[in-house]
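For reference, model.txt (compact mmCIF, C-alpha atoms):
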```txt
# COMPACT_ATOMS: atom_id res chain seq x y z
CA ILE A 24 0.78 7.56 5.40
CA ILE A 25 1.74 3.94 4.75
CA SER A 26 2.55 0.80 6.71
CA LEU A 27 5.03 -1.61 5.14
CA GLY A 28 4.50 -5.36 5.00
CA GLY A 29 7.02 -8.18 5.13
CA LEU A 30 8.34 -7.59 1.59
CA GLY A 31 8.71 -3.86 2.13
CA HIS A 32 5.52 -3.17 0.17
CA PRO A 33 2.80 -0.77 1.37
CA ASP A 34 0.19 -2.91 3.13
CA PHE A 35 -3.26 -1.32 3.26
CA GLY A 36 -4.51 -3.95 5.71
CA ARG A 37 -1.77 -3.14 8.21
CA LEU A 38 -2.55 0.56 7.89
CA GLN A 39 -6.23 -0.07 8.56
CA GLU A 40 -5.35 -1.95 11.72
CA ARG A 41 -3.27 0.98 12.94
CA LEU A 42 -5.99 3.52 12.19
CA LYS A 43 -8.50 1.56 14.28
CA LEU A 44 -6.37 1.73 17.44
CA GLU A 45 -7.53 4.12 20.18
CA ASP A 46 -5.91 2.76 23.34
CA THR A 47 -2.68 4.61 24.17
CA ALA A 48 -0.80 1.48 25.22
CA ALA A 49 -1.86 -0.40 22.10
CA ILE A 50 -0.75 2.50 19.90
CA ALA A 51 2.64 2.64 21.60
CA LEU A 52 3.13 -1.10 21.11
CA ALA A 53 2.04 -0.93 17.46
CA ALA A 54 4.45 1.95 16.83
CA LYS A 55 7.28 -0.51 17.53
CA ARG A 56 5.88 -3.64 15.93
CA GLN A 57 3.94 -2.10 13.06
CA PRO A 58 5.40 1.36 12.32
CA VAL A 59 3.90 3.81 9.84
CA HIS A 60 5.76 6.14 7.48
CA TYR A 61 4.88 9.57 6.13
CA GLN A 62 5.55 9.76 2.39
CA VAL A 63 5.43 13.44 1.35
CA PHE A 64 4.75 13.91 -2.37
CA ASP A 65 4.03 17.63 -2.74
CA LEU A 66 4.58 21.05 -1.13
CA LEU A 67 1.69 23.52 -1.02
CA TYR A 68 2.88 26.22 1.39
CA LEU A 69 6.32 27.58 2.26
CA ASP A 70 6.87 30.01 5.14
CA GLY A 71 3.15 30.70 5.24
CA GLN A 72 2.89 31.50 1.53
CA SER A 73 1.15 29.36 -1.06
CA VAL A 74 3.37 27.77 -3.71
CA MET A 75 0.49 25.98 -5.45
CA GLU A 76 0.91 28.15 -8.56
CA GLU A 77 4.54 27.04 -8.92
CA PRO A 78 5.17 24.20 -11.41
CA LEU A 79 5.31 20.70 -9.99
CA TRP A 80 9.05 20.24 -10.66
CA ARG A 81 9.84 23.34 -8.59
CA ARG A 82 7.56 22.30 -5.72
CA LYS A 83 9.21 18.87 -5.67
CA ASN A 84 12.71 20.38 -5.64
CA LEU A 85 11.74 22.72 -2.78
CA LEU A 86 10.33 19.76 -0.88
CA HIS A 87 13.50 17.69 -1.24
CA HIS A 88 15.60 20.68 -0.22
CA LEU A 89 13.54 21.32 2.92
CA LEU A 90 12.80 17.83 4.20
CA THR A 91 15.63 15.82 5.72
CA PRO A 92 14.77 12.12 5.32
CA SER A 93 14.24 10.26 8.58
CA GLU A 94 13.02 6.86 9.69
CA ARG A 95 9.46 8.16 9.76
CA ALA A 96 9.20 10.77 6.98
CA GLN A 97 10.58 10.86 3.46
CA ALA A 98 9.94 12.90 0.32
CA THR A 99 8.92 10.67 -2.56
CA ASP A 100 11.24 10.55 -5.55
CA PHE A 101 10.19 11.52 -9.05
CA VAL A 102 11.36 9.88 -12.25
CA GLU A 103 11.61 11.63 -15.63
CA ARG A 104 11.86 10.06 -19.10
CA GLU A 105 11.98 6.52 -17.68
CA GLY A 106 8.29 6.05 -16.99
CA VAL A 107 7.95 2.79 -18.90
CA ALA A 108 10.93 1.22 -17.11
CA LEU A 109 9.58 2.42 -13.76
CA PHE A 110 6.18 0.91 -14.46
CA GLU A 111 7.74 -2.41 -15.48
CA ALA A 112 9.65 -2.45 -12.19
CA VAL A 113 6.42 -1.72 -10.32
CA ARG A 114 4.75 -4.64 -12.09
CA GLN A 115 7.62 -7.01 -11.32
CA HIS A 116 7.51 -6.09 -7.64
CA ARG A 117 3.72 -6.51 -7.60
CA LEU A 118 3.07 -2.96 -6.44
CA GLU A 119 -0.20 -1.14 -7.05
CA GLY A 120 0.97 1.23 -9.79
CA VAL A 121 2.38 4.69 -10.39
CA VAL A 122 0.99 8.22 -10.61
CA ALA A 123 2.11 10.20 -13.66
CA LYS A 124 1.97 14.00 -13.46
CA VAL A 125 2.46 16.90 -15.85
CA LYS A 126 5.79 18.29 -14.66
CA ASP A 127 5.01 21.99 -15.15
CA SER A 128 1.47 21.88 -13.78
CA PRO A 129 0.31 23.95 -10.78
CA TYR A 130 -1.45 22.26 -7.87
CA LEU A 131 -5.20 22.51 -8.52
CA PRO A 132 -7.30 21.37 -5.53
CA ALA A 133 -10.16 19.09 -6.60
CA LYS A 134 -9.06 19.35 -10.27
CA ARG A 135 -5.92 17.24 -10.27
CA ALA A 136 -7.30 14.64 -12.72
CA SER A 137 -6.42 16.95 -15.61
CA ALA A 138 -2.72 16.83 -14.72
CA TRP A 139 -2.50 13.48 -12.87
CA SER A 140 -2.99 9.98 -14.23
CA LYS A 141 -3.10 6.81 -12.19
CA VAL A 142 -1.38 3.98 -14.03
CA LYS A 143 -2.48 0.82 -12.25
CA ALA A 144 -0.72 -2.52 -12.41
CA MET A 145 -3.87 -4.59 -12.41
CA ARG A 146 -3.94 -8.35 -12.00
CA GLN A 147 -6.28 -10.68 -13.83
CA GLY A 148 -7.65 -13.94 -12.55
CA LYS A 149 -10.32 -16.54 -13.17
CA PHE A 150 -13.01 -17.15 -10.55
CA VAL A 151 -15.97 -19.44 -9.99
CA ILE A 152 -19.38 -17.76 -9.77
CA GLY A 153 -21.13 -19.11 -6.67
CA GLY A 154 -24.12 -16.82 -6.63
CA TYR A 155 -25.40 -13.32 -7.19
CA ALA A 156 -26.81 -10.60 -4.99
CA PHE A 157 -29.31 -7.76 -5.15
CA GLY A 158 -28.78 -4.42 -3.47
CA GLY A 159 -27.14 -1.05 -4.02
CA ARG A 160 -27.83 1.15 -7.02
CA ARG A 161 -28.22 -1.57 -9.61
CA GLN A 162 -31.40 -3.49 -8.93
CA GLU A 163 -31.71 -5.63 -12.06
CA PRO A 164 -30.85 -8.15 -13.08
CA PHE A 165 -28.32 -8.31 -10.17
CA SER A 166 -25.95 -5.99 -8.31
CA SER A 167 -22.91 -8.25 -7.90
CA LEU A 168 -21.54 -11.72 -8.49
CA LEU A 169 -20.17 -13.77 -5.59
CA LEU A 170 -16.78 -15.24 -6.46
CA GLY A 171 -14.72 -18.15 -5.21
CA VAL A 172 -11.58 -20.18 -5.84
CA TYR A 173 -10.77 -23.79 -5.11
CA GLN A 174 -8.24 -24.54 -2.38
CA GLU A 175 -7.68 -28.09 -1.18
CA GLY A 176 -10.82 -29.17 -2.99
CA GLN A 177 -13.04 -26.60 -1.26
CA LEU A 178 -14.63 -23.53 -2.84
CA ARG A 179 -13.67 -20.51 -0.75
CA TYR A 180 -15.35 -17.13 -1.05
CA VAL A 181 -12.98 -14.34 -2.13
CA GLY A 182 -15.33 -11.38 -2.63
CA SER A 183 -17.89 -9.96 -5.00
CA VAL A 184 -17.62 -8.04 -8.25
CA ALA A 185 -20.08 -5.25 -9.03
CA GLY A 186 -18.29 -3.20 -11.70
CA GLY A 187 -17.22 -3.66 -15.28
CA PHE A 188 -20.51 -5.06 -16.62
CA SER A 189 -22.11 -3.84 -19.82
CA GLU A 190 -25.88 -4.07 -20.04
CA ALA A 191 -25.49 -6.96 -22.47
CA ALA A 192 -23.14 -8.81 -20.12
CA LEU A 193 -25.54 -8.33 -17.19
CA LYS A 194 -28.40 -9.89 -19.10
CA GLU A 195 -26.27 -12.70 -20.53
CA VAL A 196 -24.77 -13.75 -17.18
CA TYR A 197 -28.12 -13.47 -15.43
CA ALA A 198 -29.76 -15.74 -18.02
CA GLN A 199 -26.98 -18.31 -17.68
CA LEU A 200 -27.27 -18.31 -13.87
CA GLN A 201 -31.02 -18.87 -13.67
CA PRO A 202 -30.97 -22.65 -14.35
CA LEU A 203 -28.20 -22.99 -11.75
CA VAL A 204 -29.99 -21.36 -8.80
CA THR A 205 -29.96 -23.58 -5.72
CA SER A 206 -30.80 -23.35 -2.04
CA THR A 207 -27.38 -24.71 -1.05
CA CYS A 208 -24.43 -22.39 -0.49
CA PRO A 209 -21.51 -23.66 -2.61
CA PHE A 210 -18.83 -21.96 -0.50
CA LEU A 211 -17.04 -23.67 2.36
CA GLU A 212 -18.06 -20.77 4.62
CA PRO A 213 -21.13 -18.69 3.67
CA PRO A 214 -20.08 -15.08 3.07
CA ALA A 215 -21.48 -12.34 5.28
CA VAL A 216 -22.97 -10.28 2.46
CA PRO A 217 -25.67 -7.85 3.68
CA ARG A 218 -27.80 -8.31 0.58
CA LEU A 219 -30.41 -10.63 -0.87
CA ILE A 220 -28.42 -13.60 -2.15
CA HIS A 221 -29.21 -16.33 -4.66
CA TRP A 222 -26.79 -19.26 -4.50
CA CYS A 223 -25.83 -21.00 -7.74
CA GLN A 224 -24.24 -24.29 -8.64
CA PRO A 225 -20.51 -23.48 -9.09
CA VAL A 226 -20.14 -24.35 -12.76
CA LEU A 227 -19.62 -20.93 -14.41
CA VAL A 228 -16.24 -19.17 -14.56
CA CYS A 229 -15.49 -15.51 -15.21
CA GLN A 230 -12.39 -13.39 -15.77
CA VAL A 231 -11.90 -10.50 -13.33
CA ARG A 232 -9.40 -7.64 -13.04
CA TYR A 233 -8.39 -6.69 -9.52
CA GLY A 234 -5.84 -4.56 -7.72
CA GLU A 235 -4.55 -7.01 -5.13
CA TRP A 236 -5.48 -9.53 -2.45
CA THR A 237 -6.30 -8.22 1.02
CA ARG A 238 -4.81 -9.89 4.09
CA ASP A 239 -8.03 -11.87 4.63
CA ARG A 240 -7.92 -13.14 1.01
CA ARG A 241 -10.47 -10.81 -0.51
CA LEU A 242 -10.22 -9.07 -3.89
CA ARG A 243 -9.57 -5.33 -3.92
CA PHE A 244 -10.99 -3.19 -6.76
CA PRO A 245 -12.47 -6.11 -8.76
CA LEU A 246 -13.88 -5.48 -12.24
CA PHE A 247 -15.71 -8.00 -14.39
CA VAL A 248 -14.00 -8.73 -17.73
CA ALA A 249 -15.86 -11.62 -19.36
CA ARG A 250 -17.36 -15.05 -18.96
CA ARG A 251 -14.91 -17.92 -19.52
CA PRO A 252 -16.89 -20.88 -20.89
CA ASP A 253 -13.59 -22.41 -22.01
CA LEU A 254 -12.41 -22.97 -18.42
CA ASP A 255 -13.32 -25.60 -15.87
CA PRO A 256 -14.14 -24.39 -12.33
CA SER A 257 -11.37 -26.60 -10.96
CA ASP A 258 -8.89 -24.39 -12.85
CA CYS A 259 -9.74 -21.47 -10.56
CA THR A 260 -7.19 -21.55 -7.74
CA GLY A 261 -6.54 -17.86 -7.18
CA GLU A 262 -3.45 -17.50 -9.33
CA GLY A 263 -3.45 -14.36 -11.50
CA SER A 264 -1.41 -12.57 -14.12
CA ILE A 265 -0.51 -8.88 -14.06
CA GLU A 266 -1.33 -6.36 -16.73
CA GLY A 267 -1.05 -2.61 -17.09
CA GLU A 268 -4.13 -0.41 -17.11
CA VAL A 269 -4.10 3.35 -17.55
CA ASP A 270 -6.70 5.25 -15.54
CA ALA A 271 -7.80 8.87 -16.18
CA GLY A 272 -6.95 9.13 -19.82
CA GLY A 273 -3.37 7.96 -20.29
CA LEU A 274 0.09 9.32 -19.61
CA PRO A 275 0.72 13.07 -19.77
CA ARG A 276 2.82 13.96 -22.79
CA ASN A 277 5.59 15.85 -20.99
CA GLU A 278 6.09 13.68 -17.88
```

As structure tokens, the full file:
Amino acid sequence: IISLGGLGHPDFGRLQERLKLEDTAAIALAAKRQPVHYQVFDLLYLDGQSVMEEPLWRRKNLLHHLLTPSERAQATDFVEREGVALFEAVRQHRLEGVVAKVKDSPYLPAKRASAWSKVKAMRQGKFVIGGYAFGGRRQEPFSSLLLGVYQEGQLRYVGSVAGGFSEAALKEVYAQLQPLVTSTCPFLEPPAVPRLIHWCQPVLVCQVRYGEWTRDRRLRFPLFVARRPDLDPSDCTGEGSIEGEVDAGGLPRNE
């Protein structure tokens, strides 16, 4: 189920807003102003009988034969032999990525990673480190870095990054942050982070991979890449490049 934004792209924030609605009148109004669409990508049962043992290409063909496209429900297309071109188009349109599947694979509940690969069109950006936090599974030396970008001369909080660190990177960044610890929050508006926070002078920059920006200007799926001692904090304005990243082991050979 998706909700499309202004550019015709799936907008996770819009979908979240719809899912929170409980009032009947509000739901009816949102159905007109903020419609949702059902994107059907697989067929598991036909006339009460399981077709999960059928190969994917046959399940997809059955699905397209059975489902008449409408304003609210459509069967997703599948592309063969043009995966690289499709992914490049996804990158150019700033979409999240593609899912590659082994075309003759059965549907295996809870085991789909062996036949499915997420190919994410990740962005990269540079961000100012404004502090670090403790909490969650990783207790030392910190659990996440608090990130910001400069807009109109003010450092604005854009989220925290907790993944992507090696043990060596954790220790290195922590050591570099210690002399910068301060009691003053460097962000224009202090973030509501439910953890023990140490503010830092905003002089260190890091490179981060992320999926996209949320509607409230927060990073989705951020991953730490590296420190960027070559960059000045004023260079961090929220602009990012896009790169390809293959998740779950690469593209299947026969897709």

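Considering all atoms listed in the file, the residue among A:Ala123, A:Asp239, A:Ala48, A:Tyr130 positioned nearest to Tyr68 in chain A is A:Tyr130.
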
Compile a residue-level contact table for range 43-130 of chain A against range 212-235 of chain A at a cut-off of 9 Å, reporting for every qualifying residue the shortest atom pair and its distance in Å to one decimal, with only C-alpha atoms counted, rows ordered by chain and ascending number, as a tab-separated table.
```
residue	atom	partner	partner_atom	distance
A:Arg117	CA	A:Glu235	CA	8.6
A:Leu118	CA	A:Glu235	CA	8.7
A:Glu119	CA	A:Gly234	CA	6.6
```

Take the selection from the previous step and output its residues with C-alpha atoms, as a PDB file, keeping the file's coordinate frame.
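Output file out17.pdb is given in full below:
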```
ATOM      1  CA  ARG A 117       3.720  -6.510  -7.600  1.00  0.00           C
ATOM      2  CA  LEU A 118       3.070  -2.960  -6.440  1.00  0.00           C
ATOM      3  CA  GLU A 119      -0.200  -1.140  -7.050  1.00  0.00           C
TER       4      GLU A 119
END
```

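The spacing separating CA of Pro129 in chain A from CA of Gln97 in chain A amounts to 21.9 Å.
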
(Q) Need the shell around Gln57 in chain A: protein/DNA/RNA residues with any atom at most 10 Å away, counting only C-alpha atoms. Skip same-chain ones fewer than 2 positions apart. Format as JSON, numbers by chain? (A) {"A": [26, 27, 28, 37, 38, 40, 41, 50, 51, 52, 53, 54, 55, 59]}

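You will find CA of Gly187 in chain A at 24.2 Å from CA of Val113 in chain A.
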
Axis-aligned box over every listed atom of range 234-250 of chain A, padded by 8 Å per side: centre and edges in Å to one decimal, as lines of an AutoDock Vina configuration file?
```
center_x = -11.0
center_y = -9.1
center_z = -7.4
size_x = 28.8
size_y = 27.9
size_z = 40.0
```

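Taking CA of Val63 in chain A and CA of Phe244 in chain A as the two end points, the separation is 24.7 Å.
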
Is it possible to dump range 53-64 of chain A as a PDB file, in the first residue's frame, including just all heavy atoms?
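New file out.pdb:
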```pdb
ATOM      1  N   ALA A  53      -9.552  12.224   3.720  1.00  0.00           N
ATOM      2  CA  ALA A  53      -8.208  11.881   3.268  1.00  0.00           C
ATOM      3  C   ALA A  53      -8.240  11.007   2.029  1.00  0.00           C
ATOM      4  O   ALA A  53      -7.325  11.058   1.200  1.00  0.00           O
ATOM      5  CB  ALA A  53      -7.444  11.187   4.393  1.00  0.00           C
ATOM      6  N   ALA A  54      -9.280  10.181   1.888  1.00  0.00           N
ATOM      7  CA  ALA A  54      -9.394   9.323   0.712  1.00  0.00           C
ATOM      8  C   ALA A  54      -9.476  10.144  -0.568  1.00  0.00           C
ATOM      9  O   ALA A  54      -9.064   9.688  -1.634  1.00  0.00           O
ATOM     10  CB  ALA A  54     -10.615   8.430   0.845  1.00  0.00           C
ATOM     11  N   LYS A  55      -9.996  11.369  -0.478  1.00  0.00           N
ATOM     12  CA  LYS A  55     -10.090  12.249  -1.635  1.00  0.00           C
ATOM     13  C   LYS A  55      -8.821  13.086  -1.812  1.00  0.00           C
ATOM     14  O   LYS A  55      -8.334  13.259  -2.929  1.00  0.00           O
ATOM     15  CB  LYS A  55     -11.295  13.167  -1.489  1.00  0.00           C
ATOM     16  CG  LYS A  55     -12.648  12.434  -1.461  1.00  0.00           C
ATOM     17  CD  LYS A  55     -13.791  13.412  -1.298  1.00  0.00           C
ATOM     18  CE  LYS A  55     -15.137  12.691  -1.273  1.00  0.00           C
ATOM     19  NZ  LYS A  55     -16.253  13.639  -1.101  1.00  0.00           N
ATOM     20  N   ARG A  56      -8.307  13.597  -0.711  1.00  0.00           N
ATOM     21  CA  ARG A  56      -7.167  14.505  -0.794  1.00  0.00           C
ATOM     22  C   ARG A  56      -5.821  13.780  -0.802  1.00  0.00           C
ATOM     23  O   ARG A  56      -4.838  14.301  -1.318  1.00  0.00           O
ATOM     24  CB  ARG A  56      -7.204  15.485   0.388  1.00  0.00           C
ATOM     25  CG  ARG A  56      -8.403  16.413   0.385  1.00  0.00           C
ATOM     26  CD  ARG A  56      -8.334  17.366   1.571  1.00  0.00           C
ATOM     27  NE  ARG A  56      -9.425  18.342   1.558  1.00  0.00           N
ATOM     28  CZ  ARG A  56      -9.610  19.269   2.495  1.00  0.00           C
ATOM     29  NH1 ARG A  56      -8.768  19.343   3.518  1.00  0.00           N
ATOM     30  NH2 ARG A  56     -10.617  20.117   2.413  1.00  0.00           N
ATOM     31  N   GLN A  57      -5.777  12.608  -0.210  1.00  0.00           N
ATOM     32  CA  GLN A  57      -4.524  11.892  -0.019  1.00  0.00           C
ATOM     33  C   GLN A  57      -4.762  10.400  -0.258  1.00  0.00           C
ATOM     34  O   GLN A  57      -4.618   9.585   0.634  1.00  0.00           O
ATOM     35  CB  GLN A  57      -4.031  12.132   1.410  1.00  0.00           C
ATOM     36  CG  GLN A  57      -2.581  11.831   1.657  1.00  0.00           C
ATOM     37  CD  GLN A  57      -2.167  12.315   3.027  1.00  0.00           C
ATOM     38  OE1 GLN A  57      -2.501  13.424   3.441  1.00  0.00           O
ATOM     39  NE2 GLN A  57      -1.447  11.496   3.769  1.00  0.00           N
ATOM     40  N   PRO A  58      -5.134  10.020  -1.473  1.00  0.00           N
ATOM     41  CA  PRO A  58      -5.505   8.617  -1.736  1.00  0.00           C
ATOM     42  C   PRO A  58      -4.331   7.662  -1.579  1.00  0.00           C
ATOM     43  O   PRO A  58      -3.165   8.054  -1.661  1.00  0.00           O
ATOM     44  CB  PRO A  58      -5.992   8.658  -3.189  1.00  0.00           C
ATOM     45  CG  PRO A  58      -5.279   9.831  -3.782  1.00  0.00           C
ATOM     46  CD  PRO A  58      -5.192  10.850  -2.689  1.00  0.00           C
ATOM     47  N   VAL A  59      -4.668   6.398  -1.334  1.00  0.00           N
ATOM     48  CA  VAL A  59      -3.661   5.342  -1.270  1.00  0.00           C
ATOM     49  C   VAL A  59      -3.909   4.372  -2.417  1.00  0.00           C
ATOM     50  O   VAL A  59      -5.014   4.307  -2.974  1.00  0.00           O
ATOM     51  CB  VAL A  59      -3.689   4.592   0.078  1.00  0.00           C
ATOM     52  CG1 VAL A  59      -3.269   5.508   1.206  1.00  0.00           C
ATOM     53  CG2 VAL A  59      -5.068   4.007   0.341  1.00  0.00           C
ATOM     54  N   HIS A  60      -2.880   3.614  -2.775  1.00  0.00           N
ATOM     55  CA  HIS A  60      -2.957   2.687  -3.896  1.00  0.00           C
ATOM     56  C   HIS A  60      -2.407   1.332  -3.459  1.00  0.00           C
ATOM     57  O   HIS A  60      -1.426   1.250  -2.721  1.00  0.00           O
ATOM     58  CB  HIS A  60      -2.152   3.212  -5.081  1.00  0.00           C
ATOM     59  CG  HIS A  60      -2.578   4.566  -5.530  1.00  0.00           C
ATOM     60  ND1 HIS A  60      -3.542   4.768  -6.483  1.00  0.00           N
ATOM     61  CD2 HIS A  60      -2.180   5.808  -5.127  1.00  0.00           C
ATOM     62  CE1 HIS A  60      -3.716   6.070  -6.675  1.00  0.00           C
ATOM     63  NE2 HIS A  60      -2.899   6.718  -5.860  1.00  0.00           N
ATOM     64  N   TYR A  61      -3.037   0.282  -3.949  1.00  0.00           N
ATOM     65  CA  TYR A  61      -2.635  -1.083  -3.643  1.00  0.00           C
ATOM     66  C   TYR A  61      -1.806  -1.616  -4.801  1.00  0.00           C
ATOM     67  O   TYR A  61      -2.324  -1.820  -5.900  1.00  0.00           O
ATOM     68  CB  TYR A  61      -3.880  -1.940  -3.415  1.00  0.00           C
ATOM     69  CG  TYR A  61      -3.616  -3.380  -3.015  1.00  0.00           C
ATOM     70  CD1 TYR A  61      -2.476  -3.747  -2.297  1.00  0.00           C
ATOM     71  CD2 TYR A  61      -4.520  -4.376  -3.352  1.00  0.00           C
ATOM     72  CE1 TYR A  61      -2.255  -5.054  -1.929  1.00  0.00           C
ATOM     73  CE2 TYR A  61      -4.310  -5.703  -2.986  1.00  0.00           C
ATOM     74  CZ  TYR A  61      -3.168  -6.030  -2.272  1.00  0.00           C
ATOM     75  OH  TYR A  61      -2.946  -7.337  -1.906  1.00  0.00           O
ATOM     76  N   GLN A  62      -0.521  -1.810  -4.566  1.00  0.00           N
ATOM     77  CA  GLN A  62       0.397  -2.314  -5.578  1.00  0.00           C
ATOM     78  C   GLN A  62       0.624  -3.808  -5.319  1.00  0.00           C
ATOM     79  O   GLN A  62       1.313  -4.185  -4.375  1.00  0.00           O
ATOM     80  CB  GLN A  62       1.722  -1.565  -5.528  1.00  0.00           C
ATOM     81  CG  GLN A  62       1.603  -0.069  -5.786  1.00  0.00           C
ATOM     82  CD  GLN A  62       1.305   0.220  -7.246  1.00  0.00           C
ATOM     83  OE1 GLN A  62       1.959  -0.304  -8.127  1.00  0.00           O
ATOM     84  NE2 GLN A  62       0.330   1.076  -7.493  1.00  0.00           N
ATOM     85  N   VAL A  63       0.046  -4.667  -6.153  1.00  0.00           N
ATOM     86  CA  VAL A  63       0.105  -6.114  -5.935  1.00  0.00           C
ATOM     87  C   VAL A  63       1.312  -6.680  -6.679  1.00  0.00           C
ATOM     88  O   VAL A  63       1.423  -6.510  -7.892  1.00  0.00           O
ATOM     89  CB  VAL A  63      -1.189  -6.796  -6.424  1.00  0.00           C
ATOM     90  CG1 VAL A  63      -1.233  -8.242  -5.938  1.00  0.00           C
ATOM     91  CG2 VAL A  63      -2.425  -6.038  -5.931  1.00  0.00           C
ATOM     92  N   PHE A  64       2.221  -7.348  -5.968  1.00  0.00           N
ATOM     93  CA  PHE A  64       3.460  -7.801  -6.604  1.00  0.00           C
ATOM     94  C   PHE A  64       3.584  -9.318  -6.674  1.00  0.00           C
ATOM     95  O   PHE A  64       4.534  -9.831  -7.264  1.00  0.00           O
ATOM     96  CB  PHE A  64       4.683  -7.216  -5.898  1.00  0.00           C
ATOM     97  CG  PHE A  64       4.826  -7.609  -4.451  1.00  0.00           C
ATOM     98  CD1 PHE A  64       5.456  -8.786  -4.099  1.00  0.00           C
ATOM     99  CD2 PHE A  64       4.334  -6.785  -3.457  1.00  0.00           C
ATOM    100  CE1 PHE A  64       5.600  -9.148  -2.774  1.00  0.00           C
ATOM    101  CE2 PHE A  64       4.470  -7.143  -2.111  1.00  0.00           C
ATOM    102  CZ  PHE A  64       5.099  -8.329  -1.775  1.00  0.00           C
TER     103      PHE A  64
END
```
